[in-house]
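Just entry-v3.cif here, mmCIF, N, CA and C atoms:
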```cif
data_data
loop_
_atom_site.label_atom_id
_atom_site.label_comp_id
_atom_site.auth_asym_id
_atom_site.auth_seq_id
_atom_site.Cartn_x
_atom_site.Cartn_y
_atom_site.Cartn_z
N MET A 202 29.17 -1.73 -16.72
CA MET A 202 29.33 -1.07 -18.00
C MET A 202 29.29 0.45 -17.78
N HIS A 203 30.26 1.14 -18.32
CA HIS A 203 30.33 2.60 -18.22
C HIS A 203 29.78 3.22 -19.50
N ARG A 204 28.90 4.18 -19.32
CA ARG A 204 28.33 4.87 -20.47
C ARG A 204 28.51 6.36 -20.28
N ALA A 205 28.71 7.05 -21.36
CA ALA A 205 28.82 8.50 -21.30
C ALA A 205 27.42 9.09 -21.13
N LEU A 206 27.35 10.17 -20.38
CA LEU A 206 26.07 10.85 -20.18
C LEU A 206 25.83 11.84 -21.32
N THR A 207 24.58 11.96 -21.68
CA THR A 207 24.23 13.02 -22.63
C THR A 207 24.23 14.34 -21.85
N ALA A 208 24.21 15.43 -22.55
CA ALA A 208 24.17 16.73 -21.88
C ALA A 208 22.91 16.86 -21.03
N ALA A 209 21.80 16.36 -21.53
CA ALA A 209 20.53 16.43 -20.78
C ALA A 209 20.60 15.58 -19.51
N GLN A 210 21.20 14.39 -19.59
CA GLN A 210 21.35 13.53 -18.42
C GLN A 210 22.26 14.18 -17.38
N ALA A 211 23.36 14.75 -17.84
CA ALA A 211 24.29 15.41 -16.92
C ALA A 211 23.61 16.57 -16.20
N GLU A 212 22.82 17.34 -16.93
CA GLU A 212 22.09 18.46 -16.32
C GLU A 212 21.05 17.95 -15.32
N ALA A 213 20.36 16.87 -15.66
CA ALA A 213 19.36 16.29 -14.75
C ALA A 213 20.01 15.80 -13.46
N ILE A 214 21.16 15.17 -13.58
CA ILE A 214 21.87 14.68 -12.38
C ILE A 214 22.38 15.85 -11.56
N TRP A 215 22.89 16.88 -12.20
CA TRP A 215 23.37 18.07 -11.47
C TRP A 215 22.21 18.74 -10.73
N THR A 216 21.07 18.86 -11.36
CA THR A 216 19.90 19.44 -10.72
C THR A 216 19.47 18.58 -9.53
N TRP A 217 19.48 17.27 -9.71
CA TRP A 217 19.15 16.34 -8.62
C TRP A 217 20.12 16.51 -7.46
N ASN A 218 21.39 16.63 -7.76
CA ASN A 218 22.42 16.82 -6.75
C ASN A 218 22.12 18.05 -5.88
N ARG A 219 21.73 19.13 -6.52
CA ARG A 219 21.40 20.35 -5.76
C ARG A 219 20.18 20.13 -4.88
N ARG A 220 19.24 19.31 -5.32
CA ARG A 220 18.06 19.00 -4.50
C ARG A 220 18.45 18.13 -3.30
N LEU A 221 19.38 17.20 -3.49
CA LEU A 221 19.83 16.35 -2.39
C LEU A 221 20.44 17.17 -1.27
N ALA A 222 21.12 18.24 -1.62
CA ALA A 222 21.81 19.08 -0.65
C ALA A 222 20.89 19.56 0.46
N ALA A 223 19.62 19.77 0.14
CA ALA A 223 18.66 20.27 1.13
C ALA A 223 18.38 19.27 2.24
N CYS A 224 18.80 18.03 2.08
CA CYS A 224 18.52 16.99 3.08
C CYS A 224 19.57 16.92 4.18
N PHE A 225 20.67 17.62 4.03
CA PHE A 225 21.80 17.50 4.95
C PHE A 225 21.91 18.70 5.87
N GLY A 226 22.49 18.47 7.04
CA GLY A 226 22.69 19.54 8.02
C GLY A 226 21.58 19.56 9.04
N ARG A 227 21.71 20.47 9.98
CA ARG A 227 20.71 20.58 11.05
C ARG A 227 19.40 21.11 10.50
N GLN A 228 18.33 20.42 10.84
CA GLN A 228 17.00 20.87 10.45
C GLN A 228 15.95 20.08 11.22
N ASP A 229 14.77 20.60 11.20
CA ASP A 229 13.63 19.99 11.85
C ASP A 229 13.33 18.63 11.20
N LEU A 230 12.99 17.63 12.01
CA LEU A 230 12.71 16.29 11.50
C LEU A 230 11.58 16.29 10.48
N GLU A 231 10.51 17.01 10.76
CA GLU A 231 9.38 17.04 9.83
C GLU A 231 9.79 17.64 8.49
N GLU A 232 10.57 18.71 8.54
CA GLU A 232 11.05 19.35 7.30
C GLU A 232 11.91 18.39 6.50
N ARG A 233 12.82 17.68 7.18
CA ARG A 233 13.70 16.74 6.47
C ARG A 233 12.88 15.62 5.85
N CYS A 234 11.92 15.09 6.59
CA CYS A 234 11.08 14.00 6.05
C CYS A 234 10.28 14.47 4.85
N GLN A 235 9.76 15.69 4.89
CA GLN A 235 9.02 16.22 3.74
C GLN A 235 9.92 16.34 2.52
N THR A 236 11.15 16.80 2.74
CA THR A 236 12.10 16.95 1.63
C THR A 236 12.43 15.59 1.02
N VAL A 237 12.71 14.60 1.87
CA VAL A 237 13.03 13.26 1.37
C VAL A 237 11.80 12.66 0.67
N ASN A 238 10.62 12.86 1.22
CA ASN A 238 9.41 12.35 0.58
C ASN A 238 9.21 12.95 -0.82
N MET A 239 9.50 14.24 -0.97
CA MET A 239 9.39 14.86 -2.30
C MET A 239 10.39 14.22 -3.27
N LEU A 240 11.60 13.95 -2.77
CA LEU A 240 12.60 13.30 -3.62
C LEU A 240 12.14 11.89 -4.02
N LEU A 241 11.61 11.16 -3.06
CA LEU A 241 11.11 9.81 -3.36
C LEU A 241 10.02 9.85 -4.42
N ALA A 242 9.09 10.79 -4.28
CA ALA A 242 8.00 10.91 -5.25
C ALA A 242 8.53 11.28 -6.63
N ASP A 243 9.47 12.21 -6.67
CA ASP A 243 10.01 12.65 -7.96
C ASP A 243 10.91 11.62 -8.61
N ALA A 244 11.52 10.75 -7.80
CA ALA A 244 12.39 9.72 -8.35
C ALA A 244 11.58 8.61 -9.02
N SER A 245 10.30 8.54 -8.71
CA SER A 245 9.42 7.51 -9.29
C SER A 245 10.03 6.12 -9.17
N SER A 246 10.55 5.85 -8.01
CA SER A 246 11.20 4.57 -7.76
C SER A 246 10.17 3.48 -7.53
N SER A 247 10.45 2.31 -8.06
CA SER A 247 9.61 1.13 -7.85
C SER A 247 10.52 0.02 -7.34
N PRO A 248 10.82 0.02 -6.06
CA PRO A 248 11.74 -1.01 -5.55
C PRO A 248 11.22 -2.41 -5.82
N ARG A 249 12.14 -3.29 -6.15
CA ARG A 249 11.79 -4.69 -6.36
C ARG A 249 12.99 -5.56 -6.04
N ILE A 250 12.71 -6.78 -5.69
CA ILE A 250 13.77 -7.73 -5.35
C ILE A 250 14.30 -8.35 -6.63
N SER A 251 15.61 -8.38 -6.74
CA SER A 251 16.26 -8.98 -7.90
C SER A 251 17.08 -10.18 -7.45
N LEU A 252 17.16 -11.19 -8.31
CA LEU A 252 17.97 -12.39 -8.04
C LEU A 252 19.03 -12.59 -9.12
N HIS A 253 19.35 -11.53 -9.89
CA HIS A 253 20.24 -11.71 -11.04
C HIS A 253 21.61 -12.26 -10.68
N ASP A 254 22.07 -12.07 -9.46
CA ASP A 254 23.38 -12.61 -9.07
C ASP A 254 23.25 -13.79 -8.10
N GLY A 255 22.02 -14.33 -7.98
CA GLY A 255 21.80 -15.49 -7.14
C GLY A 255 21.40 -15.17 -5.71
N ARG A 256 21.55 -13.93 -5.29
CA ARG A 256 21.17 -13.52 -3.94
C ARG A 256 20.12 -12.43 -4.03
N PRO A 257 19.09 -12.49 -3.18
CA PRO A 257 18.07 -11.45 -3.25
C PRO A 257 18.60 -10.10 -2.76
N HIS A 258 18.34 -9.07 -3.53
CA HIS A 258 18.70 -7.70 -3.14
C HIS A 258 17.77 -6.75 -3.87
N LEU A 259 17.70 -5.52 -3.37
CA LEU A 259 16.78 -4.55 -3.94
C LEU A 259 17.38 -3.79 -5.11
N HIS A 260 16.54 -3.56 -6.10
CA HIS A 260 16.84 -2.65 -7.19
C HIS A 260 15.80 -1.54 -7.11
N TYR A 261 16.22 -0.32 -7.35
CA TYR A 261 15.32 0.82 -7.21
C TYR A 261 14.91 1.43 -8.53
N SER A 262 15.47 0.96 -9.61
CA SER A 262 15.07 1.44 -10.93
C SER A 262 14.99 0.25 -11.87
N ALA A 263 14.34 0.45 -12.99
CA ALA A 263 14.15 -0.63 -13.96
C ALA A 263 15.48 -1.08 -14.54
N THR A 264 15.57 -2.34 -14.89
CA THR A 264 16.76 -2.87 -15.55
C THR A 264 17.02 -2.06 -16.82
N GLY A 265 18.24 -1.63 -16.98
CA GLY A 265 18.60 -0.85 -18.16
C GLY A 265 18.29 0.62 -18.07
N ALA A 266 17.82 1.08 -16.90
CA ALA A 266 17.52 2.51 -16.75
C ALA A 266 18.79 3.34 -16.93
N ASP A 267 18.64 4.51 -17.53
CA ASP A 267 19.82 5.36 -17.70
C ASP A 267 20.19 6.00 -16.35
N ALA A 268 21.37 6.59 -16.31
CA ALA A 268 21.88 7.16 -15.06
C ALA A 268 20.98 8.25 -14.50
N ALA A 269 20.38 9.03 -15.37
CA ALA A 269 19.51 10.12 -14.92
C ALA A 269 18.23 9.60 -14.25
N THR A 270 17.91 8.36 -14.46
CA THR A 270 16.77 7.72 -13.79
C THR A 270 17.25 6.92 -12.58
N HIS A 271 18.33 6.20 -12.76
CA HIS A 271 18.85 5.32 -11.71
C HIS A 271 19.37 6.09 -10.49
N ILE A 272 20.16 7.12 -10.70
CA ILE A 272 20.76 7.87 -9.59
C ILE A 272 19.71 8.48 -8.66
N PRO A 273 18.70 9.17 -9.16
CA PRO A 273 17.67 9.68 -8.25
C PRO A 273 16.96 8.58 -7.46
N ALA A 274 16.66 7.47 -8.12
CA ALA A 274 15.96 6.38 -7.43
C ALA A 274 16.80 5.83 -6.28
N VAL A 275 18.07 5.59 -6.53
CA VAL A 275 18.95 5.00 -5.52
C VAL A 275 19.22 5.99 -4.39
N THR A 276 19.50 7.24 -4.72
CA THR A 276 19.85 8.21 -3.67
C THR A 276 18.64 8.57 -2.81
N ALA A 277 17.47 8.70 -3.40
CA ALA A 277 16.27 9.00 -2.60
C ALA A 277 15.98 7.85 -1.65
N ALA A 278 16.07 6.62 -2.14
CA ALA A 278 15.85 5.46 -1.28
C ALA A 278 16.91 5.39 -0.18
N GLY A 279 18.15 5.70 -0.51
CA GLY A 279 19.21 5.69 0.48
C GLY A 279 18.99 6.71 1.59
N LEU A 280 18.58 7.92 1.21
CA LEU A 280 18.29 8.94 2.22
C LEU A 280 17.13 8.51 3.11
N ALA A 281 16.09 7.95 2.51
CA ALA A 281 14.94 7.48 3.29
C ALA A 281 15.38 6.40 4.27
N TYR A 282 16.23 5.51 3.82
CA TYR A 282 16.72 4.43 4.69
C TYR A 282 17.49 5.01 5.88
N VAL A 283 18.36 5.96 5.63
CA VAL A 283 19.13 6.56 6.73
C VAL A 283 18.19 7.24 7.72
N VAL A 284 17.26 8.04 7.23
CA VAL A 284 16.33 8.75 8.12
C VAL A 284 15.54 7.77 8.97
N CYS A 285 15.05 6.69 8.37
CA CYS A 285 14.18 5.75 9.09
C CYS A 285 14.95 4.74 9.94
N SER A 286 16.14 4.35 9.53
CA SER A 286 16.86 3.29 10.23
C SER A 286 17.98 3.78 11.14
N ALA A 287 18.71 4.77 10.72
CA ALA A 287 19.85 5.24 11.51
C ALA A 287 19.53 6.50 12.29
N GLY A 288 18.68 7.34 11.72
CA GLY A 288 18.31 8.59 12.36
C GLY A 288 18.58 9.77 11.45
N ALA A 289 17.62 10.67 11.38
CA ALA A 289 17.72 11.83 10.48
C ALA A 289 18.93 12.70 10.79
N GLU A 290 19.33 12.76 12.05
CA GLU A 290 20.47 13.60 12.43
C GLU A 290 21.79 13.08 11.88
N ARG A 291 21.79 11.89 11.30
CA ARG A 291 23.00 11.33 10.71
C ARG A 291 23.33 11.93 9.34
N LEU A 292 22.42 12.73 8.80
CA LEU A 292 22.67 13.42 7.54
C LEU A 292 23.27 14.78 7.89
N GLY A 293 24.59 14.83 7.96
CA GLY A 293 25.26 16.02 8.47
C GLY A 293 25.95 16.87 7.43
N ARG A 294 26.48 17.97 7.92
CA ARG A 294 27.32 18.88 7.13
C ARG A 294 28.61 19.09 7.90
N CYS A 295 29.71 19.10 7.21
CA CYS A 295 31.02 19.26 7.83
C CYS A 295 31.09 20.57 8.60
N ALA A 296 31.62 20.49 9.82
CA ALA A 296 31.70 21.66 10.70
C ALA A 296 32.89 22.56 10.39
N ARG A 297 33.74 22.15 9.47
CA ARG A 297 34.90 22.97 9.12
C ARG A 297 34.43 24.29 8.53
N HIS A 298 35.02 25.37 9.01
CA HIS A 298 34.63 26.72 8.61
C HIS A 298 34.63 26.85 7.08
N ASP A 299 33.53 27.36 6.55
CA ASP A 299 33.37 27.61 5.11
C ASP A 299 33.54 26.36 4.25
N PHE A 300 33.18 25.19 4.76
CA PHE A 300 33.33 23.97 3.97
C PHE A 300 31.96 23.35 3.73
N GLY A 301 31.32 22.80 4.74
CA GLY A 301 29.94 22.34 4.66
C GLY A 301 29.65 21.15 3.78
N LEU A 302 30.65 20.31 3.50
CA LEU A 302 30.42 19.12 2.69
C LEU A 302 29.40 18.22 3.38
N ALA A 303 28.47 17.67 2.61
CA ALA A 303 27.45 16.76 3.16
C ALA A 303 28.07 15.39 3.41
N PHE A 304 27.61 14.72 4.48
CA PHE A 304 28.07 13.37 4.77
C PHE A 304 27.01 12.63 5.56
N VAL A 305 27.11 11.30 5.54
CA VAL A 305 26.27 10.45 6.38
C VAL A 305 27.15 9.98 7.53
N ASP A 306 26.72 10.29 8.74
CA ASP A 306 27.49 9.93 9.94
C ASP A 306 27.32 8.44 10.22
N THR A 307 28.36 7.68 9.99
CA THR A 307 28.32 6.24 10.23
C THR A 307 29.05 5.87 11.52
N SER A 308 29.40 6.87 12.32
CA SER A 308 30.11 6.58 13.58
C SER A 308 29.19 5.85 14.55
N ARG A 309 29.79 5.17 15.50
CA ARG A 309 29.02 4.39 16.45
C ARG A 309 28.07 5.27 17.27
N ASN A 310 28.57 6.40 17.77
CA ASN A 310 27.74 7.22 18.65
C ASN A 310 26.94 8.30 17.92
N GLY A 311 27.15 8.47 16.63
CA GLY A 311 26.37 9.43 15.86
C GLY A 311 26.67 10.89 16.18
N ARG A 312 27.89 11.17 16.60
CA ARG A 312 28.24 12.55 16.96
C ARG A 312 29.32 13.14 16.06
N ARG A 313 29.49 12.59 14.92
CA ARG A 313 30.51 13.08 14.01
C ARG A 313 30.15 14.49 13.54
N ALA A 314 31.13 15.37 13.52
CA ALA A 314 30.90 16.75 13.12
C ALA A 314 31.63 17.10 11.81
N TYR A 315 32.54 16.26 11.39
CA TYR A 315 33.34 16.53 10.20
C TYR A 315 33.15 15.42 9.17
N CYS A 316 33.35 15.76 7.91
CA CYS A 316 33.17 14.78 6.84
C CYS A 316 34.27 13.73 6.84
N SER A 317 35.44 14.07 7.40
CA SER A 317 36.56 13.13 7.42
C SER A 317 37.50 13.47 8.58
N VAL A 318 38.36 12.53 8.91
CA VAL A 318 39.37 12.77 9.94
C VAL A 318 40.31 13.88 9.48
N ARG A 319 40.65 13.87 8.22
CA ARG A 319 41.54 14.91 7.68
C ARG A 319 40.94 16.31 7.88
N CYS A 320 39.67 16.45 7.61
CA CYS A 320 39.00 17.74 7.76
C CYS A 320 38.99 18.15 9.24
N ALA A 321 38.73 17.21 10.13
CA ALA A 321 38.73 17.50 11.56
C ALA A 321 40.12 17.96 12.00
N ASN A 322 41.15 17.29 11.53
CA ASN A 322 42.53 17.66 11.88
C ASN A 322 42.89 19.03 11.32
N ASN A 323 42.53 19.30 10.08
CA ASN A 323 42.82 20.61 9.48
C ASN A 323 42.12 21.73 10.24
N ASP A 324 40.89 21.49 10.67
CA ASP A 324 40.16 22.49 11.42
C ASP A 324 40.80 22.71 12.80
N ALA A 325 41.23 21.63 13.44
CA ALA A 325 41.89 21.75 14.75
C ALA A 325 43.19 22.54 14.63
N VAL A 326 43.95 22.29 13.58
CA VAL A 326 45.20 23.04 13.36
C VAL A 326 44.90 24.51 13.13
N ALA A 327 43.89 24.81 12.33
CA ALA A 327 43.52 26.21 12.05
C ALA A 327 43.09 26.92 13.34
N ARG A 328 42.30 26.24 14.17
CA ARG A 328 41.86 26.85 15.43
C ARG A 328 43.05 27.06 16.37
N HIS A 329 43.97 26.12 16.39
CA HIS A 329 45.17 26.25 17.21
C HIS A 329 45.99 27.46 16.76
N ARG A 330 46.16 27.61 15.48
CA ARG A 330 46.94 28.74 14.96
C ARG A 330 46.26 30.07 15.26
N GLU A 331 44.94 30.10 15.17
CA GLU A 331 44.21 31.34 15.50
C GLU A 331 44.42 31.74 16.96
N ARG A 332 44.41 30.75 17.84
CA ARG A 332 44.60 31.03 19.28
C ARG A 332 45.99 31.55 19.58
N HIS A 333 46.94 31.18 18.78
CA HIS A 333 48.33 31.60 19.02
C HIS A 333 48.70 32.78 18.14
N HIS A 334 48.05 33.91 18.43
CA HIS A 334 48.37 35.20 17.79
C HIS A 334 48.13 35.23 16.29
N GLY A 335 47.23 34.45 15.82
CA GLY A 335 46.91 34.47 14.40
C GLY A 335 48.06 34.00 13.53
N ASP A 336 48.99 33.24 14.10
CA ASP A 336 50.15 32.76 13.36
C ASP A 336 49.74 31.58 12.49
N THR A 337 49.69 31.81 11.18
CA THR A 337 49.25 30.76 10.25
C THR A 337 50.43 30.10 9.54
N ARG A 338 51.66 30.44 9.95
CA ARG A 338 52.82 29.81 9.34
C ARG A 338 52.92 28.36 9.79
N THR A 339 53.48 27.51 8.95
CA THR A 339 53.71 26.12 9.33
C THR A 339 54.87 26.06 10.31
N SER A 340 55.02 24.94 11.00
CA SER A 340 56.12 24.79 11.96
C SER A 340 57.46 24.91 11.25
N THR A 341 57.57 24.43 10.03
CA THR A 341 58.82 24.55 9.27
C THR A 341 59.13 26.02 8.99
N GLU A 342 58.12 26.80 8.63
CA GLU A 342 58.34 28.23 8.38
C GLU A 342 58.80 28.95 9.65
N ARG A 343 58.22 28.59 10.80
CA ARG A 343 58.63 29.23 12.05
C ARG A 343 60.07 28.87 12.40
N LYS A 344 60.47 27.62 12.20
CA LYS A 344 61.83 27.17 12.50
C LYS A 344 62.81 27.88 11.59
N THR A 345 62.47 28.02 10.31
CA THR A 345 63.35 28.66 9.34
C THR A 345 63.56 30.12 9.72
N ARG A 346 62.54 30.79 10.18
CA ARG A 346 62.65 32.20 10.53
C ARG A 346 63.55 32.41 11.75
N ARG A 347 63.51 31.44 12.71
CA ARG A 347 64.33 31.55 13.92
C ARG A 347 65.81 31.39 13.64
N THR A 348 66.18 30.63 12.61
CA THR A 348 67.61 30.36 12.34
C THR A 348 68.21 31.35 11.41
#
```
Here is a file; write its structure as structure tokens.
Amino acid sequence: MHRALTAAQAEAIWTWNRRLAACFGRQDLEERCQTVNMLLADASSSPRISLHDGRPHLHYSATGADAATHIPAVTAAGLAYVVCSAGAERLGRCARHDFGLAFVDTSRNGRRAYCSVRCANNDAVARHRERHHGDTRTSTERKTRRT
């Protein structure tokens, strides 16, 4: 069921989003754990097992909780899970110059530096163009100029 957010709920989620940002990128493990722990405490999550669809799974907020309550509970628990199960270094920031989008590295070796393959390719093209005399024209533009 989709529900519209009230202005107060939208502001609460936006504020929460800005707090989540502090968990991503290179940082000391203790600092990251403290940040995630503060989020967990503030989310006031009470995980419990639900069987509403016939299979046991976790719910992190009360049934019927509004989005401004549900989103913090789920995202704080998700960050804690990644830190404890996959590794804190998996909470990365895109290496593309002036981009910095947050992502969870789900690659096998945990060495992903970009939020997506597209971003990695765009960054590689930009670096290639910089190396070649700062020529930022596309290949089509260069061909057109030659003819």
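A straight line drawn from atom N of Ala274 (chain A) to atom N of Ser246 (chain A) is 6.3 Å long.
As for CA of Arg330 (chain A) and atom N of Asp299 (chain A), they are spaced 15.9 Å apart.
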Mind telling me what the PyMOL selection byres (((chain A and resi 280 and name CA) around 9) and name CA) catches here, as a PyMOL selection string?
chain A and resi 221+224+237+275-279+281-285+289+292
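Counting only N, CA and C atoms, the residue from A:Cys234, A:Ala263, A:Ala303, A:Ile272 that sits nearest to Pro248 (chain A) is A:Ala263.
Across the structure, atom C of Asn310 (chain A) and CA of Asn238 (chain A) are spaced 25.0 Å apart.
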Do a neighbour search on region 314-316 of chain A at 6.5 Å with all atoms listed in the file, toss out local chain neighbours closer than 5 positions, and write the hits as a list of chain:residue names.
A:Arg294, A:Cys295, A:Ala296, A:Arg297, A:Leu302, A:Ala303, A:Phe304, A:Ala321
Output as a tab-separated table (two decimals) with N, CA and C atoms, keeping the file's coordinate frame all residues of region 204-319 of chain A that backbone DSSP marks as strand (DSSP E or B).
```tsv
chain	number	residue	atom	x	y	z
A	249	ARG	N	12.14	-3.29	-6.15
A	249	ARG	CA	11.79	-4.69	-6.36
A	249	ARG	C	12.99	-5.56	-6.04
A	250	ILE	N	12.71	-6.78	-5.69
A	250	ILE	CA	13.77	-7.73	-5.35
A	250	ILE	C	14.30	-8.35	-6.63
A	251	SER	N	15.61	-8.38	-6.74
A	251	SER	CA	16.26	-8.98	-7.90
A	251	SER	C	17.08	-10.18	-7.45
A	258	HIS	N	18.34	-9.07	-3.53
A	258	HIS	CA	18.70	-7.70	-3.14
A	258	HIS	C	17.77	-6.75	-3.87
A	259	LEU	N	17.70	-5.52	-3.37
A	259	LEU	CA	16.78	-4.55	-3.94
A	259	LEU	C	17.38	-3.79	-5.11
A	260	HIS	N	16.54	-3.56	-6.10
A	260	HIS	CA	16.84	-2.65	-7.19
A	260	HIS	C	15.80	-1.54	-7.11
A	292	LEU	N	22.42	12.73	8.80
A	292	LEU	CA	22.67	13.42	7.54
A	292	LEU	C	23.27	14.78	7.89
A	293	GLY	N	24.59	14.83	7.96
A	293	GLY	CA	25.26	16.02	8.47
A	293	GLY	C	25.95	16.87	7.43
A	294	ARG	N	26.48	17.97	7.92
A	294	ARG	CA	27.32	18.88	7.13
A	294	ARG	C	28.61	19.09	7.90
A	303	ALA	N	28.47	17.67	2.61
A	303	ALA	CA	27.45	16.76	3.16
A	303	ALA	C	28.07	15.39	3.41
A	304	PHE	N	27.61	14.72	4.48
A	304	PHE	CA	28.07	13.37	4.77
A	304	PHE	C	27.01	12.63	5.56
A	305	VAL	N	27.11	11.30	5.54
A	305	VAL	CA	26.27	10.45	6.38
A	305	VAL	C	27.15	9.98	7.53
```
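Across the chains present, the PyMOL selection byres (((chain A and resi 214 and name CA) around 9) and name CA) applied to this file returns Ala209, Gln210, Ala211, Glu212, Ala213, Trp215, Thr216, Trp217, Asn218, Arg219, Ala268, Ala269, Thr270, Ile272 and Pro273 of chain A.
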From a DSSP calculation on the backbone, collect every residue of chain A in alpha helix (DSSP H) and output the set as a PyMOL selection string.
chain A and resi 208-221+230-244+268-282+318-332+340-347
With only N, CA and C atoms as the basis for distance, which of A:Thr207, A:Ser286, A:Ser262, A:Asn323 is at the shortest distance from Ser247 (chain A)?
A:Ser262
Edge lengths and centre in Å to one decimal, as JSON, of the axis-aligned box that encloses all listed atoms of region 309-314 of chain A with 4 Å added on every side?
```
{"center_x": 29.0, "center_y": 10.7, "center_z": 15.2, "size_x": 13.3, "size_y": 20.7, "size_z": 14.8}
```
Can you work out which one of A:Glu290, A:Glu331, A:Asp306, A:Asp254 has the shortest atom-to-atom distance to Arg233 (chain A), counting only C-alpha atoms?
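Between A:Glu290, A:Glu331, A:Asp306, A:Asp254, the residue approaching Arg233 (chain A) most closely is A:Glu290.
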